[in-house]
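A.B. asks: Input structure: input-v4.txt, which contains compact mmCIF, C-alpha atoms.
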```txt
# COMPACT_ATOMS: atom_id res chain seq x y z
CA MET A 1 120.72 102.76 129.49
CA PHE A 2 123.13 100.65 127.50
CA GLY A 3 126.32 102.27 128.77
CA ILE A 4 127.23 99.61 131.35
CA LEU A 5 126.87 96.81 128.82
CA HIS A 6 129.31 98.03 126.21
CA ARG A 7 132.24 99.39 128.25
CA ARG A 8 134.43 96.41 127.42
CA CYS A 9 135.47 96.17 123.78
CA TYR A 10 136.40 92.83 122.29
CA SER A 11 138.48 94.04 119.36
CA THR A 12 139.54 97.27 117.72
CA ALA A 13 140.06 95.66 114.30
CA ARG A 14 137.85 96.88 111.49
CA ARG A 15 135.49 94.13 110.38
CA SER A 16 134.31 93.59 106.85
CA VAL A 17 130.54 93.93 106.59
CA LEU A 18 128.28 92.84 103.75
CA VAL A 19 124.90 94.62 103.82
CA LEU A 20 122.11 93.00 101.80
CA SER A 21 119.21 95.27 100.86
CA ASP A 22 116.32 95.08 98.43
CA GLY A 23 117.23 98.55 97.16
CA LYS A 24 114.35 100.24 98.98
CA LEU A 25 114.89 103.28 101.14
CA GLU A 26 114.18 101.97 104.63
CA SER A 27 116.16 98.75 104.33
CA THR A 28 119.11 100.60 102.78
CA LEU A 29 119.21 103.28 105.49
CA SER A 30 119.02 100.76 108.36
CA GLY A 31 121.69 98.53 106.81
CA MET A 32 124.03 101.46 106.21
CA ALA A 33 123.58 102.68 109.80
CA LEU A 34 124.67 99.35 111.33
CA GLY A 35 127.14 98.41 108.59
CA ARG A 36 129.17 101.60 108.90
CA ARG A 37 129.26 101.25 112.69
CA LEU A 38 130.36 97.60 112.53
CA GLY A 39 133.26 98.11 110.11
CA ASP A 40 134.10 98.48 106.44
CA MET A 41 130.75 98.20 104.72
CA ARG A 42 129.81 97.25 101.19
CA LEU A 43 126.18 97.35 100.09
CA LYS A 44 124.63 94.82 97.70
CA THR A 45 121.08 94.79 96.35
CA ILE A 46 120.95 91.10 95.43
CA VAL A 47 117.48 89.64 96.07
CA GLY A 48 115.49 86.53 95.26
CA SER A 49 114.40 86.10 91.65
CA LYS A 50 110.80 86.66 90.59
CA THR A 51 110.29 82.90 90.51
CA LEU A 52 111.61 82.50 94.04
CA GLN A 53 109.64 85.45 95.44
CA ALA A 54 106.42 83.74 94.31
CA MET A 55 107.12 80.94 96.82
CA PRO A 56 106.54 81.05 100.59
CA THR A 57 109.69 82.05 102.48
CA LEU A 58 110.21 78.59 103.96
CA LEU A 59 110.14 77.04 100.47
CA GLN A 60 112.64 79.70 99.39
CA LYS A 61 115.00 78.43 102.07
CA TYR A 62 114.66 74.85 100.85
CA ALA A 63 115.34 76.00 97.29
CA VAL A 64 118.55 77.68 98.45
CA ASP A 65 119.58 74.57 100.42
CA TRP A 66 119.04 72.24 97.47
CA SER A 67 120.71 74.48 94.88
CA LYS A 68 124.43 74.57 94.19
CA THR A 69 126.19 77.88 94.80
CA SER A 70 129.78 78.77 93.88
CA SER A 71 131.78 81.86 94.83
CA SER A 72 133.34 82.11 91.37
CA SER A 73 130.17 81.61 89.36
CA ARG A 74 127.49 83.98 88.16
CA LEU A 75 124.46 84.52 90.32
CA PRO A 76 122.46 81.28 90.66
CA TRP A 77 119.03 80.97 89.10
CA PHE A 78 117.24 81.98 92.28
CA LEU A 79 119.02 85.35 92.74
CA GLN A 80 119.06 88.65 90.86
CA ASP A 81 120.37 92.18 91.47
CA ALA A 82 117.61 94.72 92.10
CA ASP A 83 119.77 97.45 90.49
CA GLN A 84 121.02 95.08 87.76
CA LYS A 85 124.67 95.93 88.44
CA GLU A 86 125.94 92.70 90.06
CA GLN A 87 126.32 89.38 88.25
CA THR A 88 128.40 87.32 90.72
CA MET A 89 128.03 86.16 94.31
CA PRO A 90 129.30 88.55 97.02
CA ASP A 91 132.76 88.00 98.49
CA ARG A 92 133.29 86.73 102.02
CA ALA A 93 132.87 89.15 104.96
CA ASP A 94 132.97 88.92 108.75
CA TYR A 95 129.32 89.98 109.00
CA VAL A 96 126.38 89.73 106.64
CA VAL A 97 123.57 92.13 107.58
CA CYS A 98 120.24 91.40 105.89
CA THR A 99 117.65 94.18 105.98
CA ALA A 100 114.77 92.97 103.77
CA ALA A 101 112.65 89.87 103.29
CA ASP A 102 113.47 89.74 99.56
CA ALA A 103 117.20 89.57 100.42
CA ILE A 104 116.85 86.57 102.76
CA PRO A 105 117.68 84.03 99.99
CA THR A 106 120.92 85.91 99.32
CA CYS A 107 121.76 85.89 103.03
CA LEU A 108 121.09 82.13 103.26
CA ALA A 109 123.12 81.40 100.11
CA THR A 110 126.03 83.53 101.34
CA THR A 111 126.21 81.91 104.78
CA LYS A 112 125.93 78.51 103.11
CA LEU A 113 128.92 79.39 100.94
CA TYR A 114 131.00 80.93 103.75
CA LYS A 115 130.32 79.04 106.96
CA ASP A 116 132.20 81.47 109.23
CA MET A 117 130.13 84.54 108.34
CA PHE A 118 127.99 85.92 111.17
CA SER A 119 124.47 86.65 109.93
CA VAL A 120 122.31 89.47 111.32
CA TYR A 121 118.75 90.34 110.32
CA LEU A 122 117.32 93.81 111.01
CA GLY A 123 113.57 93.75 111.62
CA PHE A 124 111.08 90.92 111.88
CA PRO A 125 112.04 88.12 109.46
CA SER A 126 109.57 85.89 107.68
CA LEU A 127 111.63 82.87 108.77
CA PRO A 128 112.21 81.45 112.27
CA PHE A 129 114.97 83.33 114.09
CA ILE A 130 117.11 80.18 114.30
CA TYR A 131 118.16 80.58 110.66
CA PHE A 132 120.09 83.75 111.59
CA ASP A 133 122.85 84.19 114.15
CA GLN A 134 121.06 87.24 115.56
CA VAL A 135 117.91 89.26 114.89
CA VAL A 136 117.80 92.94 115.88
CA LEU A 137 114.22 94.00 116.52
CA PRO A 138 112.62 97.10 118.10
CA ARG A 139 110.78 96.32 121.30
CA TYR A 140 107.49 97.88 120.18
CA GLU A 141 107.42 95.48 117.22
CA ALA A 142 108.59 92.48 119.24
CA ASN A 143 105.93 93.01 121.90
CA THR A 144 103.18 92.64 119.28
CA LYS A 145 104.56 90.10 116.82
CA LEU A 146 106.07 87.79 119.45
CA ALA A 147 103.24 88.09 121.97
CA HIS A 148 102.10 84.49 121.42
CA LEU A 149 105.60 83.27 122.38
CA GLY A 150 105.81 85.14 125.68
CA PRO A 151 107.74 88.26 126.81
CA TYR A 152 110.28 89.41 124.24
CA ALA A 153 113.06 89.46 126.89
CA ARG A 154 112.95 85.64 127.03
CA GLN A 155 113.46 85.19 123.32
CA LYS A 156 116.79 83.74 122.30
CA ASN A 157 118.69 84.78 119.22
CA MET A 158 117.34 88.36 119.42
CA ILE A 159 118.59 91.78 120.47
CA GLY A 160 115.80 94.13 121.51
CA THR A 161 116.18 97.89 121.01
CA LEU A 162 114.10 100.92 121.93
CA ALA A 163 113.71 102.00 118.29
CA PRO A 164 114.96 100.97 114.83
CA LEU A 165 118.66 101.53 114.14
CA VAL A 166 119.38 104.90 112.54
CA ALA A 167 122.62 106.77 111.97
CA PRO A 168 123.39 109.74 114.24
CA SER A 169 122.81 113.17 112.75
CA SER A 170 125.93 114.87 111.39
CA LEU A 171 124.20 118.22 110.84
CA SER A 172 125.28 121.20 112.90
CA GLU A 173 122.75 123.27 114.82
CA SER A 174 123.46 126.32 112.66
CA ARG A 175 122.63 124.42 109.46
CA ARG A 176 119.44 123.06 111.04
CA SER A 177 118.16 126.55 111.78
CA SER A 178 118.88 127.82 108.24
CA SER A 179 116.46 125.40 106.57
CA CYS A 180 113.38 126.85 104.87
CA TYR A 181 111.23 124.07 103.38
CA THR A 182 108.92 121.32 104.58
CA ALA A 183 109.62 117.70 103.60
CA VAL A 184 106.48 115.58 103.11
CA VAL A 185 107.25 111.83 102.99
CA VAL A 186 104.44 109.59 101.74
CA GLY A 187 104.17 105.85 102.36
CA GLY A 188 101.19 103.70 101.50
CA TYR A 189 98.54 101.26 102.61
CA THR A 190 99.59 98.46 104.99
CA PRO A 191 97.50 96.03 107.08
CA TYR A 192 98.70 97.95 110.16
CA CYS A 193 97.89 101.42 108.79
CA ARG A 194 95.02 101.53 106.36
CA TRP A 195 94.76 104.74 104.41
CA TYR A 196 93.47 104.97 100.85
CA SER A 197 93.48 107.13 97.73
CA GLU A 198 90.64 109.24 99.20
CA ASP A 199 93.00 110.13 102.04
CA ALA A 200 95.65 111.12 99.50
CA LYS A 201 93.26 113.87 98.37
CA LEU A 202 93.18 115.19 101.96
CA LEU A 203 96.97 115.16 101.97
CA VAL A 204 97.00 117.17 98.73
CA ASP A 205 94.74 119.78 100.38
CA ASN A 206 97.11 119.97 103.34
CA ILE A 207 100.14 120.41 101.06
CA ARG A 208 98.41 123.33 99.31
CA ARG A 209 97.99 124.98 102.72
CA MET A 210 101.62 124.27 103.67
CA VAL A 211 102.86 126.18 100.63
CA HIS A 212 101.44 129.39 102.17
CA HIS A 213 104.02 129.00 104.99
CA ASP A 214 107.04 127.33 103.35
CA PRO A 215 107.96 125.56 100.09
CA VAL A 216 107.25 121.83 100.11
CA THR A 217 109.46 118.95 98.94
CA LEU A 218 107.16 115.99 98.32
CA ILE A 219 108.87 112.58 98.56
CA LEU A 220 107.05 109.50 97.26
CA THR A 221 108.50 106.24 98.56
CA GLU A 222 108.35 102.72 97.13
CA HIS A 223 105.36 102.02 99.41
CA THR A 224 103.13 104.66 97.77
CA THR A 225 100.30 102.97 95.89
CA ASP A 226 99.69 103.73 92.22
CA ALA A 227 96.33 105.36 93.00
CA ALA A 228 97.82 107.64 95.65
CA ARG A 229 100.82 108.35 93.43
CA SER A 230 98.65 109.59 90.56
CA ILE A 231 96.72 111.90 92.90
CA LEU A 232 99.88 113.33 94.46
CA ASN A 233 101.52 113.77 91.06
CA SER A 234 98.74 116.22 90.20
CA ILE A 235 100.34 118.94 92.35
CA ALA A 236 103.92 118.38 91.14
CA ASP A 237 103.79 121.44 88.85
CA GLU A 238 102.11 123.78 91.32
CA PRO A 239 104.14 126.73 92.67
CA GLY A 240 106.14 125.94 95.80
CA VAL A 241 106.02 122.13 95.36
CA THR A 242 109.02 120.00 94.37
CA LEU A 243 108.44 116.28 93.73
CA TRP A 244 110.98 113.47 94.20
CA ASP A 245 109.66 110.01 93.28
CA ILE A 246 112.05 107.36 94.64
CA GLN A 247 110.39 104.52 92.75
CA GLN A 248 110.69 106.34 89.45
CA GLN A 249 114.37 107.02 90.11
CA GLN A 250 114.92 103.37 91.07
CA GLN A 251 113.44 102.26 87.76
CA GLN A 252 116.00 104.41 85.96
CA GLN A 253 118.68 101.97 87.07
CA GLU A 254 121.53 103.60 85.22
CA ALA A 255 120.87 106.89 87.02
CA SER A 256 121.38 105.90 90.67
CA THR A 257 122.21 103.15 93.14
CA ALA A 258 120.49 102.29 96.43
CA SER A 259 123.18 104.05 98.47
CA GLN A 260 122.92 107.19 96.31
CA ARG A 261 119.15 107.30 96.76
CA ALA A 262 119.56 106.87 100.52
CA GLU A 263 122.14 109.66 100.70
CA MET A 264 119.89 111.92 98.63
CA TYR A 265 117.00 111.27 101.01
CA GLU A 266 119.16 111.97 104.05
CA SER A 267 120.30 115.29 102.59
CA LEU A 268 116.67 116.31 101.91
CA ILE A 269 115.61 115.48 105.47
CA GLN A 270 118.63 117.20 107.00
CA GLY A 271 117.91 120.33 104.99
CA ALA A 272 114.22 120.52 105.93
CA SER A 273 112.84 122.78 108.65
CA ARG A 274 110.18 120.18 109.52
CA VAL A 275 109.14 116.71 108.31
CA VAL A 276 105.60 115.44 107.65
CA LEU A 277 105.18 111.66 107.30
CA THR A 278 102.32 109.23 106.88
CA ALA A 279 101.88 107.01 109.93
CA ASP A 280 102.85 103.75 108.21
CA LEU A 281 106.51 104.87 107.97
CA ASP A 282 107.78 104.00 111.44
CA TYR A 283 111.43 103.67 110.39
CA LEU A 284 111.51 106.97 108.48
CA THR A 285 109.72 108.63 111.40
CA THR A 286 112.51 107.45 113.71
CA HIS A 287 115.07 108.67 111.18
CA ALA A 288 113.52 112.16 111.13
CA ILE A 289 113.28 112.22 114.94
CA ALA A 290 116.97 111.33 115.15
CA GLN A 291 117.75 114.41 113.03
CA SER A 292 116.09 116.51 115.78
CA LYS A 293 113.44 117.75 113.35
CA PRO A 294 109.86 118.76 114.23
CA VAL A 295 107.88 115.74 112.99
CA TYR A 296 104.17 115.74 112.08
CA ILE A 297 102.19 112.57 111.45
CA ALA A 298 99.30 112.16 109.00
CA PHE A 299 96.72 109.37 109.42
CA GLY A 300 98.01 108.37 112.84
CA ASP A 301 94.47 107.41 113.87
CA ARG A 302 94.51 104.62 111.23
CA CYS A 303 97.30 102.69 112.98
CA ARG A 304 96.88 99.38 114.77
CA ALA A 305 99.08 96.78 116.49
CA TYR A 306 102.79 97.68 116.67
CA LEU A 307 102.42 100.88 114.62
CA GLN A 308 99.82 102.15 117.06
CA HIS A 309 102.20 101.46 119.96
CA PHE A 310 105.05 103.25 118.22
CA GLN A 311 103.04 106.34 117.24
CA ARG A 312 101.54 106.63 120.71
CA TRP A 313 104.99 106.39 122.30
CA ALA A 314 106.43 109.04 119.99
CA ARG A 315 103.51 111.42 120.58
CA ASP A 316 103.52 110.92 124.38
CA HIS A 317 107.24 111.69 124.50
CA ARG A 318 106.75 114.93 122.51
CA LEU A 319 108.67 113.68 119.51
CA THR A 320 105.77 113.99 117.05
CA ARG A 321 102.53 115.93 116.67
CA LYS A 322 99.38 115.22 114.74
CA LEU A 323 99.18 117.04 111.42
CA ARG A 324 96.33 119.57 111.66
CA LEU A 325 96.44 122.58 109.37
CA SER A 326 93.70 125.16 109.74
CA LYS A 327 91.59 125.99 106.68
CA THR A 328 91.61 129.65 107.68
CA ALA A 329 94.20 132.11 108.94
CA THR A 330 94.96 131.47 112.61
CA LYS A 331 97.27 132.74 115.33
CA ALA A 332 97.85 129.25 116.70
CA GLN A 333 101.04 128.34 118.53
CA ASP A 334 101.85 125.79 115.83
CA VAL A 335 100.17 126.31 112.45
CA TYR A 336 100.94 122.72 111.42
CA SER A 337 99.06 121.38 114.44
CA TYR A 338 96.85 124.30 115.35
CA LEU A 339 94.56 122.79 118.02
CA GLY A 340 95.58 123.26 121.63
CA THR A 341 98.78 124.36 123.34
CA HIS A 342 101.76 122.08 122.77
CA PRO A 343 104.67 121.51 125.18
CA ALA A 344 108.17 122.04 123.81
CA TRP A 345 109.70 119.46 121.48
CA GLN A 346 112.00 116.87 123.03
CA ASP A 347 115.52 116.23 121.77
CA GLY A 348 114.86 113.24 119.51
CA GLN A 349 118.48 112.13 119.12
CA ARG A 350 118.91 111.98 122.89
CA LEU A 351 115.56 110.38 123.70
CA VAL A 352 115.80 107.70 121.01
CA GLU A 353 119.37 106.95 122.23
CA VAL A 354 120.73 106.77 118.71
CA GLN A 355 124.44 106.45 119.46
CA GLU A 356 123.96 104.40 122.63
CA THR A 357 121.74 101.89 120.83
CA LEU A 358 124.21 101.44 117.98
CA ASP A 359 127.07 100.98 120.44
CA TYR A 360 125.07 98.43 122.42
CA VAL A 361 124.09 96.41 119.34
CA VAL A 362 127.65 96.40 118.00
CA HIS A 363 128.98 95.31 121.39
CA GLU A 364 126.48 92.46 121.58
CA LEU A 365 127.22 91.31 118.03
CA GLU A 366 130.97 91.35 118.63
CA ALA A 367 130.56 89.37 121.83
CA LEU A 368 128.23 86.81 120.26
CA ARG A 369 130.45 86.46 117.20
CA GLY A 370 133.38 85.86 119.54
CA GLU A 371 131.41 83.12 121.28
CA LYS A 372 130.61 81.47 117.95
CA SER A 373 134.18 81.61 116.58
CA THR A 374 136.05 80.60 119.76
CA GLY A 375 133.48 78.43 121.52
CA LYS A 376 134.15 80.30 124.80
CA ARG A 377 131.40 81.97 126.77
CA ARG A 378 131.60 85.73 127.19
CA LYS A 379 132.67 87.07 130.57
CA ASP A 380 130.83 90.40 130.69
CA ILE A 381 127.26 89.13 131.18
CA LEU A 382 125.69 90.93 134.13
```
Can I see the file as structure tokens?
C.D. replies:
Amino acid sequence: MFGILHRRCYSTARRSVLVLSDGKLESTLSGMALGRRLGDMRLKTIVGSKTLQAMPTLLQKYAVDWSKTSSSSRLPWFLQDADQKEQTMPDRADYVVCTAADAIPTCLATTKLYKDMFSVYLGFPSLPFIYFDQVVLPRYEANTKLAHLGPYARQKNMIGTLAPLVAPSSLSESRRSSSCYTAVVVGGYTPYCRWYSEDAKLLVDNIRRMVHHDPVTLILTEHTTDAARSILNSIADEPGVTLWDIQQQQQQQEASTASQRAEMYESLIQGASRVVLTADLDYLTTHAIAQSKPVYIAFGDRCRAYLQHFQRWARDHRLTRKLRLSKTATKAQDVYSYLGTHPAWQDGQRLVEVQETLDYVVHELEALRGEKSTGKRRKDIL
């Protein structure tokens, strides 16, 4: 799909890439995927201060514009490090990749300090696109959130992709087949996928049935609500269940960094024989699909808007199945989705075009950065 567009390479030099994350799992994984492909990456978790986060995003931009920022000084009043490890402004880089709304003030302050940095935002920003050099956005999200502006293909300052950017799987087929546990990844309530603490009890019942087939590694993300977290914690000590609470580990700031938590999550997913996710986690669903894992979705019927489009696309292309565990012993084709006869799983890494999408985005960013730095129009536009 993207092969024709990225045959010509603008430069073989390794670029320096500054990735700005809020320390949460999804933003860290997406930033690391693009940052490592662009060049020599360094990850920072510098976000807006509590005072700044209380303001609307547009007022945050004005606060950054009106405040003085120096490269040699400590972090200004409106910034703080989510992991409390950085105290100074980041150094200059060729690219600054922002992956979270809370990190937008840091991105704006950095590009204000270093005028030649090329800014990229992954996802749908809470600011107009014009404040970034480029925005990389999945088409299923763009079609919904930009519908009032017209077809996404006509939007300037944006690169549309089939799915969110994820890193290619480095796991061999032999290691995939030797896995023997189920990873259950739990998100939380969002306006686009409304599930509640009562639904968490249903998920607990399903996990107790899963243990009869394979051990379960239960992963609670930063999106898991306190009510759902307390319910899910009740099975942490049951036989066959291992709990990993990302938020709890993040609060123990001396114990881990954002990149270490992301690498730990990747190793857990790569080692699993199958992955069960709640439907609000579209990025982590794409990440599991890209690892060529069987993926099961809980609460998919609660989705609306862009999440509904994404989950329907994944299910129609045989990348995911609805989580349905029988309450009794059954000889179903798939005990994790026991109703009906299912066609074979598709190759997720091939269908999501993981490597091709990354190559295409990097090619586009290099070309657009070249246009900005030289003032000359690119010659490879079809």
A.B. asks: Check the smallest atom-to-atom distance from each of A:Ala262, A:Ile246, A:Val186, A:Leu220 to A:Ala298 using all atoms listed in the file, then report the winner.
C.D. replies: A:Val186
A.B. asks: Tell me, in Å to one decimal, how far atom CA of A:Val47 is from atom CA of A:Asp91.
C.D. replies: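 If I compute the distance from atom CA of A:Val47 to atom CA of A:Asp91, I get 15.6 Å.
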A.B. asks: If we count all atoms listed in the file and set the cut-off at 8 Å, which residues sit around stretch 117-122 of chain A, ignoring sequence neighbours fewer than 5 positions away in its own chain? Please answer as a PyMOL selection string.
C.D. replies: chain A and resi 30-31+92-100+107+111+132-137+369
A.B. asks: Give as an mmCIF file with C-alpha atoms, keeping the file's coordinate frame the set of residues within 10 Å of the point (100.3, 102.2, 110.7), where distances use the file's coordinates and all atoms listed in the file.
C.D. replies:
```
data_model
loop_
_atom_site.group_PDB
_atom_site.id
_atom_site.type_symbol
_atom_site.label_atom_id
_atom_site.label_comp_id
_atom_site.auth_asym_id
_atom_site.auth_seq_id
_atom_site.Cartn_x
_atom_site.Cartn_y
_atom_site.Cartn_z
ATOM 1 C CA GLY A 187 104.170 105.850 102.360
ATOM 2 C CA GLY A 188 101.190 103.700 101.500
ATOM 3 C CA TYR A 189 98.540 101.260 102.610
ATOM 4 C CA THR A 190 99.590 98.460 104.990
ATOM 5 C CA PRO A 191 97.500 96.030 107.080
ATOM 6 C CA TYR A 192 98.700 97.950 110.160
ATOM 7 C CA CYS A 193 97.890 101.420 108.790
ATOM 8 C CA ARG A 194 95.020 101.530 106.360
ATOM 9 C CA TRP A 195 94.760 104.740 104.410
ATOM 10 C CA THR A 278 102.320 109.230 106.880
ATOM 11 C CA ALA A 279 101.880 107.010 109.930
ATOM 12 C CA ASP A 280 102.850 103.750 108.210
ATOM 13 C CA LEU A 281 106.510 104.870 107.970
ATOM 14 C CA ASP A 282 107.780 104.000 111.440
ATOM 15 C CA PHE A 299 96.720 109.370 109.420
ATOM 16 C CA GLY A 300 98.010 108.370 112.840
ATOM 17 C CA ASP A 301 94.470 107.410 113.870
ATOM 18 C CA ARG A 302 94.510 104.620 111.230
ATOM 19 C CA CYS A 303 97.300 102.690 112.980
ATOM 20 C CA ARG A 304 96.880 99.380 114.770
ATOM 21 C CA ALA A 305 99.080 96.780 116.490
ATOM 22 C CA TYR A 306 102.790 97.680 116.670
ATOM 23 C CA LEU A 307 102.420 100.880 114.620
ATOM 24 C CA GLN A 308 99.820 102.150 117.060
ATOM 25 C CA HIS A 309 102.200 101.460 119.960
ATOM 26 C CA PHE A 310 105.050 103.250 118.220
ATOM 27 C CA GLN A 311 103.040 106.340 117.240
#
```
A.B. asks: Might you pull out every residue within 12 Å of A:Met32, with only C-alpha atoms counted and same-chain residues fewer than 2 positions away left off, and present them as an MDAnalysis selection string?
C.D. replies: chainID A and resid 17:21 23 25:30 34:44 96:99 122 165:168 258:260 262:263 266 358
A.B. asks: Would you list the contacts of A:Thr320 as a list in words, taking every protein, DNA or RNA residue within 9 Å and counting only C-alpha atoms, but skipping same-chain residues closer than 5 positions in sequence?
C.D. replies: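 Here the qualifying residues turn out to be Thr285, Ile289, Pro294, Val295, Tyr296, Ile297, Gln311, Ala314, Arg315 and Trp345 of chain A.
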A.B. asks: A:Thr144, A:Thr286, A:Gln60, A:Gln80: which is nearest A:Gly348, counting all atoms listed in the file?
C.D. replies: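 Answer, going by the shortest atom-to-atom distance: A:Thr286.
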A.B. asks: Between atom CA of A:Phe78 and atom CA of A:Pro164, what is the distance in Å, rounded to a tenth?
C.D. replies: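 Atom-to-atom, atom CA of A:Phe78 to atom CA of A:Pro164, that is 29.6 Å.
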A.B. asks: Which of these, A:Phe124, A:Tyr196, A:Tyr283, A:Tyr265, has the shortest distance to A:Val184 once you count all atoms listed in the file?
C.D. replies: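 Using all atoms listed in the file, A:Val184 sits closest to A:Tyr265.
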A.B. asks: Identify the residues within 10 Å of coordinate (110.0, 105.0, 93.0) (same frame as the file), considering all atoms listed in the file, and give the answer as a PyMOL selection string.
C.D. replies: chain A and resi 24-25+219-224+229+244-252
A.B. asks: Measure the distance from atom CA of A:Ala344 to atom CA of A:Val185 in Å and round it to one decimal.
C.D. replies: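 Between these atoms lies a distance of 23.2 Å.
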A.B. asks: Compare A:Thr110, A:Gln349, A:Thr45, A:Thr69 by their minimum atom-to-atom distance to A:Asp81, counting only C-alpha atoms, and give me the closest one.
C.D. replies: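 Of A:Thr110, A:Gln349, A:Thr45, A:Thr69, the one nearest A:Asp81 is A:Thr45, counting only C-alpha atoms.
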A.B. asks: Check the smallest atom-to-atom distance from each of A:His213, A:Met89, A:Glu353, A:Asn157 to A:Asp334 using all atoms listed in the file, then report the winner.
C.D. replies: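 That would be A:His213, the residue with the smallest distance to A:Asp334.
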